[in-house]
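Worksheet: the structure to be examined is printed underneath.
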Amino acid sequence: MRALVQRVSEASVRVDGTVVGQCGAGLLVLVCAMRGDTTAQADTLATKISKLRIFQDDAGKMNLSLRDIGGSALVVSQFTLAADTKGNRPGFSTAAPPDEGKALYEHFTASLRAAGVPSETGVFGADMKVSLINDGPVTIWLDTEA
């Protein structure tokens with residue numbers, strides 16, 4: 001699985017003009033299930049994100065995790081993280097098929113919640129409008145295959 005994690009002051013996602021998910025201080029997690037990914041990989045990624053020390057401590061060092069600060073997450077499905085950009089038109093054939101992708105996206109979010117991170121979501125497969133205030137900015141790429 002792949003994720004692009006952004007430290008945010010706040011984030012929200014809208015579908016048809018209605019806010020369907022949001023978070024305050026914490027993380028916007030754009031996540032993509034890749035062809036062949038498993039629930040074990042989703043669990044590994046959720047655990048890693050819940051423990052990722054990218055929030056500032058009292059000394060101003062990135063030393064605290066999302067759980068340490070009592071933050072929350074907004075998890076948005078993003079199949080375009082699977083883009084093959086060898087040519088000028090990206091291909092997405094390495095993304096998991098929609099049914100598998102949705103199941104892994106939901107499993108990932110449940111695993112993040114089980115790790116103690118309050119999490120809201122977008123709507124899988126919908127045309128979503130994501131708004132965020134990036135804090136730092138801090139943006140980190142994670143891939144369970146890396």
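Ordering of the structure tokens sets the chain letters (A, B, ...), residue numbers begin anew at 1 in every chain, and ligands are numbered from 1 in the order given.
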Notebook entry, point to check: Could you name the residues that touch Asp127 in chain A at 12 Å or less, counting only C-alpha atoms, but leaving out those on the same chain fewer than 5 positions away, as a PyMOL selection string?
Noted result: chain A and resi 13-18+20+76-79+122
Please identify all polymer residues within 8 Å of Ile49 in chain A, counting only C-alpha atoms, omitting same-chain residues fewer than 4 positions from it, and present them as a PDB file with N, CA, C and O atoms, in the first residue's frame.
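Saved as selection-v3.pdb:
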```pdb
ATOM      1  N   LEU A  45       0.901  -0.482   7.551  1.00  0.00           N
ATOM      2  CA  LEU A  45       0.898   0.934   7.196  1.00  0.00           C
ATOM      3  C   LEU A  45       0.175   1.765   8.251  1.00  0.00           C
ATOM      4  O   LEU A  45       0.655   2.827   8.656  1.00  0.00           O
ATOM      5  N   LEU A  66       1.237  11.036  16.173  1.00  0.00           N
ATOM      6  CA  LEU A  66      -0.168  11.439  16.128  1.00  0.00           C
ATOM      7  C   LEU A  66      -0.874  11.052  17.425  1.00  0.00           C
ATOM      8  O   LEU A  66      -1.637  11.837  17.986  1.00  0.00           O
ATOM      9  N   LEU A 112      -6.291   1.918  11.602  1.00  0.00           N
ATOM     10  CA  LEU A 112      -5.810   3.183  12.158  1.00  0.00           C
ATOM     11  C   LEU A 112      -6.629   3.550  13.399  1.00  0.00           C
ATOM     12  O   LEU A 112      -6.076   3.955  14.425  1.00  0.00           O
TER      13      LEU A 112
END
```
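Across the model, the gap from CA of Arg53 in chain A to CA of Gly136 in chain A is 13.8 Å.
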Next item on the list: Using only C-alpha atoms, determine which residues lie at most 8 Å from range 28-41 of chain A, disregarding the query and same-chain residues fewer than 2 positions distant; provide the list as a VMD selection string.
Entry: chain A and resid 1 to 8 11 23 26 43 to 45 73 to 82 94 to 97 100 to 101 104 to 105 107 to 108 132 144
